[in-house]
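A.B. asks: One file: work_4.pdb (PDB, C-alpha atoms).
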```pdb
ATOM      1  CA  MET A   1     -10.959  10.138 -22.790
ATOM      2  CA  GLU A   2      -9.609   6.980 -21.199
ATOM      3  CA  TYR A   3      -7.551   9.047 -18.739
ATOM      4  CA  LEU A   4     -10.598  11.151 -17.838
ATOM      5  CA  LEU A   5     -12.560   7.986 -17.090
ATOM      6  CA  THR A   6      -9.826   6.614 -14.810
ATOM      7  CA  MET A   7      -9.537  10.021 -13.110
ATOM      8  CA  ALA A   8     -13.297  10.169 -12.499
ATOM      9  CA  SER A   9     -13.158   6.597 -11.163
ATOM     10  CA  GLY A  10     -10.251   7.671  -8.942
ATOM     11  CA  VAL A  11     -12.333  10.519  -7.466
ATOM     12  CA  LEU A  12     -15.132   8.049  -6.699
ATOM     13  CA  ILE A  13     -12.726   5.529  -5.150
ATOM     14  CA  GLY A  14     -11.048   8.309  -3.125
ATOM     15  CA  VAL A  15     -14.400   9.468  -1.708
ATOM     16  CA  VAL A  16     -15.504   5.919  -0.877
ATOM     17  CA  SER A  17     -12.120   4.974   0.644
ATOM     18  CA  ALA A  18     -12.164   7.994   2.946
ATOM     19  CA  LEU A  19     -15.795   7.406   3.943
ATOM     20  CA  ALA A  20     -15.329   3.682   4.571
ATOM     21  CA  GLY A  21     -11.877   4.083   6.146
ATOM     22  CA  ILE A  22     -10.190   1.599   3.821
ATOM     23  CA  GLY A  23      -7.247   1.791   1.435
ATOM     24  CA  GLY A  24      -7.774   2.590  -2.226
ATOM     25  CA  GLY A  25      -6.217  -0.666  -3.458
ATOM     26  CA  THR A  26      -9.042  -2.778  -2.051
ATOM     27  CA  LEU A  27     -11.486  -0.932  -4.313
ATOM     28  CA  MET A  28      -9.176  -0.157  -7.228
ATOM     29  CA  VAL A  29      -8.355  -3.739  -8.251
ATOM     30  CA  PRO A  30     -11.965  -5.029  -8.482
ATOM     31  CA  PHE A  31     -12.982  -1.764 -10.202
ATOM     32  CA  MET A  32     -10.258  -2.157 -12.821
ATOM     33  CA  THR A  33     -10.876  -5.861 -13.465
ATOM     34  CA  LEU A  34     -14.678  -6.022 -13.235
ATOM     35  CA  ILE A  35     -15.769  -2.603 -14.568
ATOM     36  CA  LEU A  36     -12.918  -1.411 -16.801
ATOM     37  CA  GLY A  37     -12.059  -4.953 -17.994
ATOM     38  CA  ILE A  38      -8.326  -4.482 -17.479
ATOM     39  CA  ASN A  39      -5.955  -7.491 -17.306
ATOM     40  CA  ALA A  40      -5.874  -8.662 -13.667
ATOM     41  CA  LYS A  41      -2.051  -8.625 -13.443
ATOM     42  CA  VAL A  42      -1.832  -5.072 -14.844
ATOM     43  CA  ALA A  43      -4.611  -4.031 -12.428
ATOM     44  CA  VAL A  44      -2.734  -5.480  -9.426
ATOM     45  CA  ALA A  45       0.575  -3.871 -10.494
ATOM     46  CA  SER A  46      -0.938  -0.445 -11.235
ATOM     47  CA  SER A  47      -2.980  -0.484  -8.035
ATOM     48  CA  LEU A  48       0.113  -1.252  -5.976
ATOM     49  CA  MET A  49       1.936   1.735  -7.448
ATOM     50  CA  THR A  50      -1.057   4.023  -6.786
ATOM     51  CA  VAL A  51      -1.020   2.759  -3.184
ATOM     52  CA  ILE A  52       2.557   4.109  -2.816
ATOM     53  CA  ILE A  53       1.356   7.576  -3.875
ATOM     54  CA  THR A  54      -1.666   7.654  -1.566
ATOM     55  CA  SER A  55       0.045   6.057   1.456
ATOM     56  CA  SER A  56       3.085   8.359   1.226
ATOM     57  CA  SER A  57       0.898  11.431   1.725
ATOM     58  CA  ALA A  58      -0.623   9.842   4.842
ATOM     59  CA  ALA A  59       2.768   8.642   6.114
ATOM     60  CA  TYR A  60       4.135  12.204   5.760
ATOM     61  CA  VAL A  61       1.397  13.577   8.026
ATOM     62  CA  TYR A  62       1.838  10.786  10.609
ATOM     63  CA  LEU A  63       5.644  11.186  10.648
ATOM     64  CA  LYS A  64       5.249  14.948  11.101
ATOM     65  CA  ASP A  65       2.871  14.408  14.024
ATOM     66  CA  ASN A  66       5.305  11.870  15.518
ATOM     67  CA  MET A  67       2.634   9.152  15.549
ATOM     68  CA  VAL A  68       4.644   6.381  13.848
ATOM     69  CA  ASN A  69       6.126   3.763  16.185
ATOM     70  CA  MET A  70       9.392   3.416  14.276
ATOM     71  CA  LYS A  71      10.656   0.461  16.337
ATOM     72  CA  VAL A  72       7.548  -1.572  15.492
ATOM     73  CA  ALA A  73       7.592  -0.435  11.835
ATOM     74  CA  LEU A  74      11.229  -1.473  11.411
ATOM     75  CA  SER A  75      10.688  -4.789  13.192
ATOM     76  CA  LEU A  76       7.707  -5.830  11.062
ATOM     77  CA  THR A  77       8.639  -4.420   7.645
ATOM     78  CA  PRO A  78      11.342  -7.021   6.739
ATOM     79  CA  ALA A  79       8.651  -9.743   7.005
ATOM     80  CA  THR A  80       6.050  -7.752   5.012
ATOM     81  CA  CYS A  81       8.581  -6.902   2.289
ATOM     82  CA  LEU A  82       9.635 -10.538   1.990
ATOM     83  CA  GLY A  83       5.955 -11.500   1.770
ATOM     84  CA  ALA A  84       5.401  -8.866  -0.945
ATOM     85  CA  VAL A  85       8.289 -10.229  -3.058
ATOM     86  CA  ILE A  86       6.901 -13.770  -2.879
ATOM     87  CA  GLY A  87       3.290 -12.597  -3.373
ATOM     88  CA  SER A  88       4.071 -10.596  -6.494
ATOM     89  CA  HIS A  89       5.987 -13.546  -7.967
ATOM     90  CA  ILE A  90       3.014 -15.823  -7.296
ATOM     91  CA  THR A  91       0.663 -13.454  -9.166
ATOM     92  CA  ILE A  92       3.089 -13.080 -12.083
ATOM     93  CA  SER A  93       3.506 -16.843 -12.449
ATOM     94  CA  LEU A  94      -0.238 -17.648 -12.390
ATOM     95  CA  PRO A  95      -2.510 -17.599 -15.462
ATOM     96  CA  GLN A  96      -4.886 -14.603 -15.748
ATOM     97  CA  GLU A  97      -8.006 -16.611 -14.759
ATOM     98  CA  ASP A  98      -6.340 -17.941 -11.611
ATOM     99  CA  VAL A  99      -5.246 -14.410 -10.667
ATOM    100  CA  LYS A 100      -8.896 -13.319 -10.901
ATOM    101  CA  LYS A 101      -9.954 -16.178  -8.616
ATOM    102  CA  LEU A 102      -7.128 -15.339  -6.213
ATOM    103  CA  LEU A 103      -8.342 -11.722  -6.160
ATOM    104  CA  GLY A 104     -11.861 -12.948  -5.512
ATOM    105  CA  TYR A 105     -10.846 -15.064  -2.508
ATOM    106  CA  GLY A 106      -8.716 -12.170  -1.211
ATOM    107  CA  LEU A 107     -11.655  -9.759  -1.455
ATOM    108  CA  ILE A 108     -13.953 -12.202   0.346
ATOM    109  CA  ILE A 109     -11.449 -12.493   3.231
ATOM    110  CA  ILE A 110     -10.952  -8.701   3.385
ATOM    111  CA  SER A 111     -14.693  -7.973   3.342
ATOM    112  CA  LEU A 112     -15.315 -10.499   6.139
ATOM    113  CA  MET A 113     -12.496  -8.928   8.160
ATOM    114  CA  MET A 114     -14.085  -5.510   7.636
ATOM    115  CA  ILE A 115     -17.506  -6.747   8.737
ATOM    116  CA  PHE A 116     -16.368  -8.728  11.793
ATOM    117  CA  GLY A 117     -13.087  -6.900  12.598
ATOM    118  CA  LYS A 118     -12.674  -5.460  16.091
ATOM    119  CA  THR A 119     -10.357  -2.995  17.795
ATOM    120  CA  ARG A 120      -9.542  -2.617  21.454
ATOM    121  CA  GLU A 121      -8.014  -0.222  23.948
ATOM    122  CA  ALA A 122      -4.326  -1.086  24.156
ATOM    123  CA  SER A 123      -1.673  -0.425  26.787
ATOM    124  CA  GLY A 124       0.915   0.757  24.259
ATOM    125  CA  ARG A 125       3.563  -1.585  25.714
ATOM    126  CA  VAL A 126       4.633  -3.460  22.627
ATOM    127  CA  LYS A 127       4.682  -7.254  22.967
ATOM    128  CA  LYS A 128       4.739 -10.388  20.796
ATOM    129  CA  ILE A 129       6.982  -8.926  18.075
ATOM    130  CA  LYS A 130       7.762 -12.430  16.726
ATOM    131  CA  GLU A 131       4.074 -13.292  16.357
ATOM    132  CA  GLY A 132       3.489  -9.869  14.794
ATOM    133  CA  SER A 133       6.273 -10.473  12.284
ATOM    134  CA  SER A 134       4.832 -13.830  11.235
ATOM    135  CA  ALA A 135       1.374 -12.325  10.736
ATOM    136  CA  SER A 136       2.933  -9.360   8.894
ATOM    137  CA  PHE A 137       4.461 -11.777   6.410
ATOM    138  CA  ILE A 138       0.905 -12.828   5.460
ATOM    139  CA  ALA A 139      -0.068  -9.141   5.131
ATOM    140  CA  GLY A 140       2.890  -8.607   2.779
ATOM    141  CA  LEU A 141       2.006 -11.714   0.801
ATOM    142  CA  MET A 142      -1.561 -10.432   0.299
ATOM    143  CA  SER A 143      -0.253  -6.988  -0.636
ATOM    144  CA  GLY A 144       2.047  -8.364  -3.335
ATOM    145  CA  MET A 145      -0.532 -10.825  -4.643
ATOM    146  CA  LEU A 146      -3.621  -8.596  -4.631
ATOM    147  CA  GLY A 147      -2.229  -5.087  -5.207
ATOM    148  CA  ILE A 148      -3.479  -3.716  -1.892
ATOM    149  CA  GLY A 149      -1.693  -1.860   0.911
ATOM    150  CA  GLY A 150      -2.501  -4.525   3.478
ATOM    151  CA  GLY A 151      -3.533  -2.100   6.224
ATOM    152  CA  VAL A 152      -6.699  -4.137   6.693
ATOM    153  CA  LEU A 153      -4.459  -6.890   8.170
ATOM    154  CA  LYS A 154      -1.581  -4.861   9.610
ATOM    155  CA  VAL A 155      -3.717  -2.615  11.811
ATOM    156  CA  PRO A 156      -5.540  -5.485  13.623
ATOM    157  CA  ILE A 157      -2.218  -7.344  14.029
ATOM    158  CA  MET A 158      -0.608  -4.344  15.720
ATOM    159  CA  ASN A 159      -3.668  -3.466  17.787
ATOM    160  CA  LEU A 160      -4.945  -6.892  18.847
ATOM    161  CA  VAL A 161      -1.727  -8.954  18.911
ATOM    162  CA  MET A 162       0.989  -6.426  19.706
ATOM    163  CA  ASP A 163      -1.049  -4.185  22.016
ATOM    164  CA  LEU A 164      -0.469  -0.961  20.079
ATOM    165  CA  PRO A 165      -3.117   1.790  20.480
ATOM    166  CA  ILE A 166      -5.319   1.975  17.368
ATOM    167  CA  LYS A 167      -4.176   5.463  16.230
ATOM    168  CA  GLU A 168      -0.513   4.465  16.556
ATOM    169  CA  ALA A 169      -1.254   1.217  14.689
ATOM    170  CA  VAL A 170      -2.916   3.133  11.813
ATOM    171  CA  ALA A 171       0.018   5.592  11.583
ATOM    172  CA  THR A 172       2.656   2.837  11.746
ATOM    173  CA  SER A 173       0.756   0.807   9.145
ATOM    174  CA  ALA A 174       0.650   3.829   6.775
ATOM    175  CA  PHE A 175       4.440   4.150   6.989
ATOM    176  CA  MET A 176       4.884   0.409   6.388
ATOM    177  CA  ILE A 177       2.416   0.271   3.462
ATOM    178  CA  GLY A 178       4.609   2.505   1.265
ATOM    179  CA  LEU A 179       7.588   0.181   1.761
ATOM    180  CA  THR A 180       5.603  -3.012   1.220
ATOM    181  CA  ALA A 181       3.920  -1.631  -1.902
ATOM    182  CA  SER A 182       7.261  -0.357  -3.173
ATOM    183  CA  THR A 183       8.783  -3.846  -2.878
ATOM    184  CA  GLY A 184       5.947  -5.476  -4.827
ATOM    185  CA  THR A 185       5.874  -2.668  -7.397
ATOM    186  CA  MET A 186       9.598  -3.124  -8.147
ATOM    187  CA  VAL A 187       8.910  -6.714  -9.212
ATOM    188  CA  TYR A 188       5.919  -5.747 -11.400
ATOM    189  CA  LEU A 189       7.772  -2.733 -12.834
ATOM    190  CA  ALA A 190      10.682  -4.938 -13.892
ATOM    191  CA  LYS A 191       8.174  -7.183 -15.708
ATOM    192  CA  GLY A 192       6.585  -4.178 -17.496
ATOM    193  CA  LEU A 193       3.173  -4.806 -15.921
ATOM    194  CA  VAL A 194       2.648  -1.273 -14.526
ATOM    195  CA  ASP A 195       0.466   0.966 -16.709
ATOM    196  CA  PRO A 196       1.618   4.578 -16.061
ATOM    197  CA  GLY A 197      -1.584   5.971 -17.621
ATOM    198  CA  LEU A 198      -3.748   4.067 -15.150
ATOM    199  CA  VAL A 199      -1.538   5.025 -12.200
ATOM    200  CA  ALA A 200      -1.543   8.740 -13.095
ATOM    201  CA  GLY A 201      -5.298   8.777 -13.773
ATOM    202  CA  PHE A 202      -6.217   7.024 -10.533
ATOM    203  CA  ALA A 203      -3.713   8.978  -8.416
ATOM    204  CA  LEU A 204      -4.924  12.334  -9.775
ATOM    205  CA  GLY A 205      -8.496  11.311  -8.972
ATOM    206  CA  ILE A 206      -7.924   9.666  -5.594
ATOM    207  CA  ILE A 207      -6.026  12.575  -4.015
ATOM    208  CA  PRO A 208      -8.885  15.152  -4.368
ATOM    209  CA  GLY A 209     -11.467  12.381  -3.897
ATOM    210  CA  ALA A 210     -10.024  11.370  -0.519
ATOM    211  CA  THR A 211      -9.985  15.029   0.583
ATOM    212  CA  LEU A 212     -13.633  15.381  -0.445
ATOM    213  CA  GLY A 213     -14.490  12.101   1.308
ATOM    214  CA  ALA A 214     -12.807  13.273   4.516
ATOM    215  CA  LYS A 215     -14.987  16.421   4.441
ATOM    216  CA  LEU A 216     -18.160  14.419   3.757
ATOM    217  CA  LEU A 217     -17.265  12.097   6.625
ATOM    218  CA  LYS A 218     -18.322  14.713   9.204
ATOM    219  CA  GLY A 219     -21.988  14.280   8.332
ATOM    220  CA  ALA A 220     -21.861  10.564   7.513
ATOM    221  CA  LYS A 221     -22.219   7.329   9.480
ATOM    222  CA  PRO A 222     -18.841   5.603   8.919
ATOM    223  CA  LYS A 223     -19.904   2.243  10.391
ATOM    224  CA  ALA A 224     -22.938   1.942   8.094
ATOM    225  CA  ILE A 225     -20.881   3.019   5.057
ATOM    226  CA  LYS A 226     -18.138   0.530   5.944
ATOM    227  CA  THR A 227     -20.683  -2.304   6.202
ATOM    228  CA  ILE A 228     -22.287  -1.376   2.853
ATOM    229  CA  PHE A 229     -18.948  -1.327   1.060
ATOM    230  CA  SER A 230     -17.821  -4.530   2.762
ATOM    231  CA  LEU A 231     -20.904  -6.187   1.261
ATOM    232  CA  ILE A 232     -20.106  -4.703  -2.165
ATOM    233  CA  LEU A 233     -16.555  -6.077  -1.864
ATOM    234  CA  LEU A 234     -17.965  -9.453  -0.834
ATOM    235  CA  TYR A 235     -20.174  -9.417  -3.952
ATOM    236  CA  ALA A 236     -17.194  -8.426  -6.156
ATOM    237  CA  GLY A 237     -15.117 -11.220  -4.586
ATOM    238  CA  ILE A 238     -17.789 -13.847  -5.230
ATOM    239  CA  LYS A 239     -18.226 -12.585  -8.797
ATOM    240  CA  LEU A 240     -14.475 -12.890  -9.446
ATOM    241  CA  VAL A 241     -14.346 -16.391  -7.963
ATOM    242  CA  LEU A 242     -17.302 -17.578 -10.019
ATOM    243  CA  GLY A 243     -15.870 -15.929 -13.149
TER     244      GLY A 243
ATOM    245  CA  MET B   1      12.017  14.037  14.127
ATOM    246  CA  PHE B   2      12.919  12.422  10.766
ATOM    247  CA  ARG B   3      12.556  15.786   8.993
ATOM    248  CA  LYS B   4      14.458  14.728   5.855
ATOM    249  CA  SER B   5      12.388  11.564   5.582
ATOM    250  CA  GLN B   6       9.193  13.655   5.713
ATOM    251  CA  ILE B   7      10.442  15.937   2.914
ATOM    252  CA  ILE B   8      11.342  12.932   0.739
ATOM    253  CA  LEU B   9       7.879  11.411   1.247
ATOM    254  CA  ARG B  10       6.118  14.705   0.587
ATOM    255  CA  TYR B  11       7.899  15.710  -2.591
ATOM    256  CA  GLY B  12       9.213  12.388  -3.968
ATOM    257  CA  VAL B  13       5.843  11.030  -5.050
ATOM    258  CA  PHE B  14       4.738  14.378  -6.507
ATOM    259  CA  LEU B  15       7.978  14.636  -8.482
ATOM    260  CA  GLY B  16       7.519  11.073  -9.755
ATOM    261  CA  LEU B  17       3.891  11.720 -10.642
ATOM    262  CA  ALA B  18       4.821  14.940 -12.485
ATOM    263  CA  VAL B  19       7.535  13.141 -14.489
ATOM    264  CA  MET B  20       5.104  10.292 -15.236
ATOM    265  CA  ILE B  21       2.419  12.703 -16.506
ATOM    266  CA  ALA B  22       5.016  14.600 -18.558
ATOM    267  CA  GLY B  23       5.995  11.301 -20.189
ATOM    268  CA  LEU B  24       2.351  10.496 -20.948
ATOM    269  CA  VAL B  25       1.699  13.949 -22.408
ATOM    270  CA  LEU B  26       4.842  13.796 -24.559
ATOM    271  CA  GLY B  27       4.110  10.198 -25.534
ATOM    272  CA  GLU B  28       7.532   9.134 -24.225
ATOM    273  CA  ARG B  29       7.170   5.734 -22.548
ATOM    274  CA  LEU B  30      10.684   5.902 -21.104
ATOM    275  CA  ILE B  31       9.964   9.193 -19.282
ATOM    276  CA  SER B  32       6.734   7.866 -17.793
ATOM    277  CA  TYR B  33       8.603   4.759 -16.577
ATOM    278  CA  LEU B  34      11.253   7.049 -15.079
ATOM    279  CA  GLY B  35       8.427   8.722 -13.138
ATOM    280  CA  ALA B  36       7.199   5.301 -12.007
ATOM    281  CA  THR B  37      10.704   4.431 -10.821
ATOM    282  CA  ILE B  38      10.943   7.698  -8.841
ATOM    283  CA  ILE B  39       7.616   6.885  -7.140
ATOM    284  CA  SER B  40       8.790   3.344  -6.287
ATOM    285  CA  LEU B  41      12.066   4.613  -4.856
ATOM    286  CA  THR B  42      10.466   7.312  -2.676
ATOM    287  CA  PRO B  43       9.558   5.129   0.369
ATOM    288  CA  ILE B  44      12.961   3.423   0.180
ATOM    289  CA  SER B  45      14.818   6.747   0.090
ATOM    290  CA  SER B  46      12.709   7.902   3.018
ATOM    291  CA  LEU B  47      13.628   4.742   4.945
ATOM    292  CA  ALA B  48      17.331   5.231   4.138
ATOM    293  CA  SER B  49      17.065   8.706   5.648
ATOM    294  CA  VAL B  50      15.317   7.299   8.758
ATOM    295  CA  SER B  51      18.083   4.690   9.119
ATOM    296  CA  TYR B  52      20.751   7.386   8.904
ATOM    297  CA  ASP B  53      18.961   9.481  11.567
ATOM    298  CA  LEU B  54      18.695   6.439  13.845
ATOM    299  CA  TYR B  55      22.378   5.666  13.335
ATOM    300  CA  SER B  56      23.220   9.267  14.247
ATOM    301  CA  GLN B  57      21.186   8.813  17.451
ATOM    302  CA  ASN B  58      23.240   5.699  18.283
ATOM    303  CA  LYS B  59      20.232   3.420  17.735
ATOM    304  CA  ARG B  60      22.314   1.034  15.680
ATOM    305  CA  GLY B  61      20.014  -1.979  15.980
ATOM    306  CA  ASP B  62      17.074  -0.070  14.502
ATOM    307  CA  ALA B  63      19.299   1.465  11.814
ATOM    308  CA  LEU B  64      20.441  -2.048  10.879
ATOM    309  CA  LEU B  65      16.815  -3.194  10.523
ATOM    310  CA  GLY B  66      16.247  -0.301   8.118
ATOM    311  CA  LEU B  67      19.237  -1.431   6.054
ATOM    312  CA  LEU B  68      17.917  -5.014   6.104
ATOM    313  CA  ILE B  69      14.623  -3.809   4.585
ATOM    314  CA  ILE B  70      16.509  -1.935   1.846
ATOM    315  CA  ALA B  71      18.519  -5.126   1.183
ATOM    316  CA  ILE B  72      15.298  -7.164   0.842
ATOM    317  CA  ILE B  73      13.891  -4.623  -1.634
ATOM    318  CA  ALA B  74      17.130  -4.713  -3.643
ATOM    319  CA  PHE B  75      16.912  -8.519  -3.554
ATOM    320  CA  SER B  76      13.346  -8.310  -4.912
ATOM    321  CA  LEU B  77      14.686  -6.388  -7.908
ATOM    322  CA  LEU B  78      17.413  -8.934  -8.499
ATOM    323  CA  VAL B  79      15.097 -11.951  -8.364
ATOM    324  CA  SER B  80      12.427 -10.270 -10.493
ATOM    325  CA  ASP B  81      14.469 -11.243 -13.545
ATOM    326  CA  LEU B  82      14.548 -14.913 -12.569
ATOM    327  CA  GLY B  83      10.790 -15.556 -12.672
ATOM    328  CA  PRO B  84       8.597 -16.416 -15.669
TER     329      PRO B  84
END
```
Hey, can you dump this file as structure tokens for me?
C.D. replies:
Amino acid sequence: MEYLLTMASGVLIGVVSALAGIGGGTLMVPFMTLILGINAKVAVASSLMTVIITSSSAAYVYLKDNMVNMKVALSLTPATCLGAVIGSHITISLPQEDVKKLLGYGLIIISLMMIFGKTREASGRVKKIKEGSSASFIAGLMSGMLGIGGGVLKVPIMNLVMDLPIKEAVATSAFMIGLTASTGTMVYLAKGLVDPGLVAGFALGIIPGATLGAKLLKGAKPKAIKTIFSLILLYAGIKLVLG
Amino acid sequence: MFRKSQIILRYGVFLGLAVMIAGLVLGERLISYLGATIISLTPISSLASVSYDLYSQNKRGDALLGLLIIAIIAFSLLVSDLGP
């Protein structure tokens, strides 16, 4: 019964993620902590492992279509992975209540980025790799701490700072997310914080849910949906901060 | 390009997920954790394959970056035992 509930939640999260154009982790962690009442550390760890599953499918498609800028991915990933190691250790060392507050602040930042975030036409001539690496470290830190993929930070960094076209930035970010999430997951897995039942339930729900969401997207208004869910995330963030 | 890496990404996570579900169905915690480990190792294996392809194409700098990432991930495993 518990697995069926997580699977049904996964379908819902998959649909919403595809419609709003965000990663599953951003929705999964608040859903697990606020609605299912799961321990925040277990929620972060299990979400991060589910992110590997969902991002790998996307990365496969982008690699096949030759859309990943491998030079950029390889230049930024050492910083994100290092950030993920430190981030996951921070979450593990904090008490449960502080982790919830940390999640809350993270969600508030992410929702504000989603509401006010911008993209631009880029030349495609990669620049400012050092600046990109420093910012990617923060993305990795957030990924490890909050159990998210970090695409919400990586894509704007690559597009706005490094001048990568938006589609190439999304594809490169998808390839990087698997590696960043894998680094953080290793730490949580070694500590026994990953719940395989949660991961399997969510993954089995998110995969068909995201496909369904992508189909529904044709008749939907993505910008309006994204704004609505950013506000829901903002609410969830405030609720977590206030306890 | 990076054909082997694509195959690893495509089938690695599904294999891991299948092993994890098998472990849950059988009630064997160790098997489900084996599945979790396979899932975690999939992106790293894919990156190792990318690094090898880059090395074969004489792009040694990029291949070295790939190896550096793998080293950081291995380091994360080593230090995970040092924390609280």
A.B. asks: Would you kindly report the residues of chain B within 6 Å of chain A, using all atoms listed in the file, as a PyMOL selection string?
C.D. replies: chain B and resi 6+9+13+40+43+65+69+73+76-77+80
A.B. asks: Report, in Å with one decimal, the straight-line distance from CA of Val99 in chain A to CA of Leu146 in chain A.
C.D. replies: 8.5 Å
A.B. asks: Could you give me, as a list in words, the residues within 10 Å of Gly23 in chain B, counting all atoms listed in the file and dropping anything in the same chain fewer than 3 positions from it?
C.D. replies: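 Non-adjacent residues within range: Pro196 and Gly197 of chain A; Leu17, Ala18, Val19, Met20, Leu26, Gly27, Glu28, Arg29, Leu30, Ile31, Ser32, Tyr33, Leu34 and Gly35 of chain B.
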A.B. asks: Decode the PyMOL selection byres ((chain A and resi 17) around 9) for the given file into explicit residues and return them as an mmCIF file with C-alpha atoms, in the frame of the given file.
C.D. replies:
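Okay, this is what ended up in out13.cif:
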```cif
data_model
loop_
_atom_site.group_PDB
_atom_site.id
_atom_site.type_symbol
_atom_site.label_atom_id
_atom_site.label_comp_id
_atom_site.auth_asym_id
_atom_site.auth_seq_id
_atom_site.Cartn_x
_atom_site.Cartn_y
_atom_site.Cartn_z
ATOM 1 C CA LEU A 12 -15.132 8.049 -6.699
ATOM 2 C CA ILE A 13 -12.726 5.529 -5.150
ATOM 3 C CA GLY A 14 -11.048 8.309 -3.125
ATOM 4 C CA VAL A 15 -14.400 9.468 -1.708
ATOM 5 C CA VAL A 16 -15.504 5.919 -0.877
ATOM 6 C CA ALA A 18 -12.164 7.994 2.946
ATOM 7 C CA LEU A 19 -15.795 7.406 3.943
ATOM 8 C CA ALA A 20 -15.329 3.682 4.571
ATOM 9 C CA GLY A 21 -11.877 4.083 6.146
ATOM 10 C CA ILE A 22 -10.190 1.599 3.821
ATOM 11 C CA GLY A 23 -7.247 1.791 1.435
ATOM 12 C CA GLY A 24 -7.774 2.590 -2.226
ATOM 13 C CA THR A 26 -9.042 -2.778 -2.051
ATOM 14 C CA LEU A 27 -11.486 -0.932 -4.313
ATOM 15 C CA ILE A 206 -7.924 9.666 -5.594
ATOM 16 C CA GLY A 209 -11.467 12.381 -3.897
ATOM 17 C CA ALA A 210 -10.024 11.370 -0.519
ATOM 18 C CA GLY A 213 -14.490 12.101 1.308
#
```
A.B. asks: Given the choices B:Leu24, B:Met1, B:Ala63, B:Ala71, which gets closest to Ile44 in chain B if the distance is worked out from all atoms listed in the file?
C.D. replies: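 Of all the options, B:Ala71 lies closest to Ile44 in chain B.
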A.B. asks: Provide the CA of Ser111 in chain A to CA of Val29 in chain A distance in Å, to one decimal place.
C.D. replies: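 Pair CA of Ser111 in chain A / CA of Val29 in chain A returns 13.9 Å.
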A.B. asks: Which is closer to Val51 in chain A than all the others in B:Ala48, B:Leu54, B:Ile39, B:Ile72, using all atoms listed in the file?
C.D. replies: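 Checking each of B:Ala48, B:Leu54, B:Ile39, B:Ile72 against Val51 in chain A, counting all atoms listed in the file, the winner is B:Ile39.
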A.B. asks: What do you get, as a ChimeraX atom specification, if you spell out every residue that the PyMOL selection byres ((chain A and resi 32-38) around 10) selects here?
C.D. replies: /A:5-6,9,27-31,39-44,46-47,100,103,198,236,239-240,243
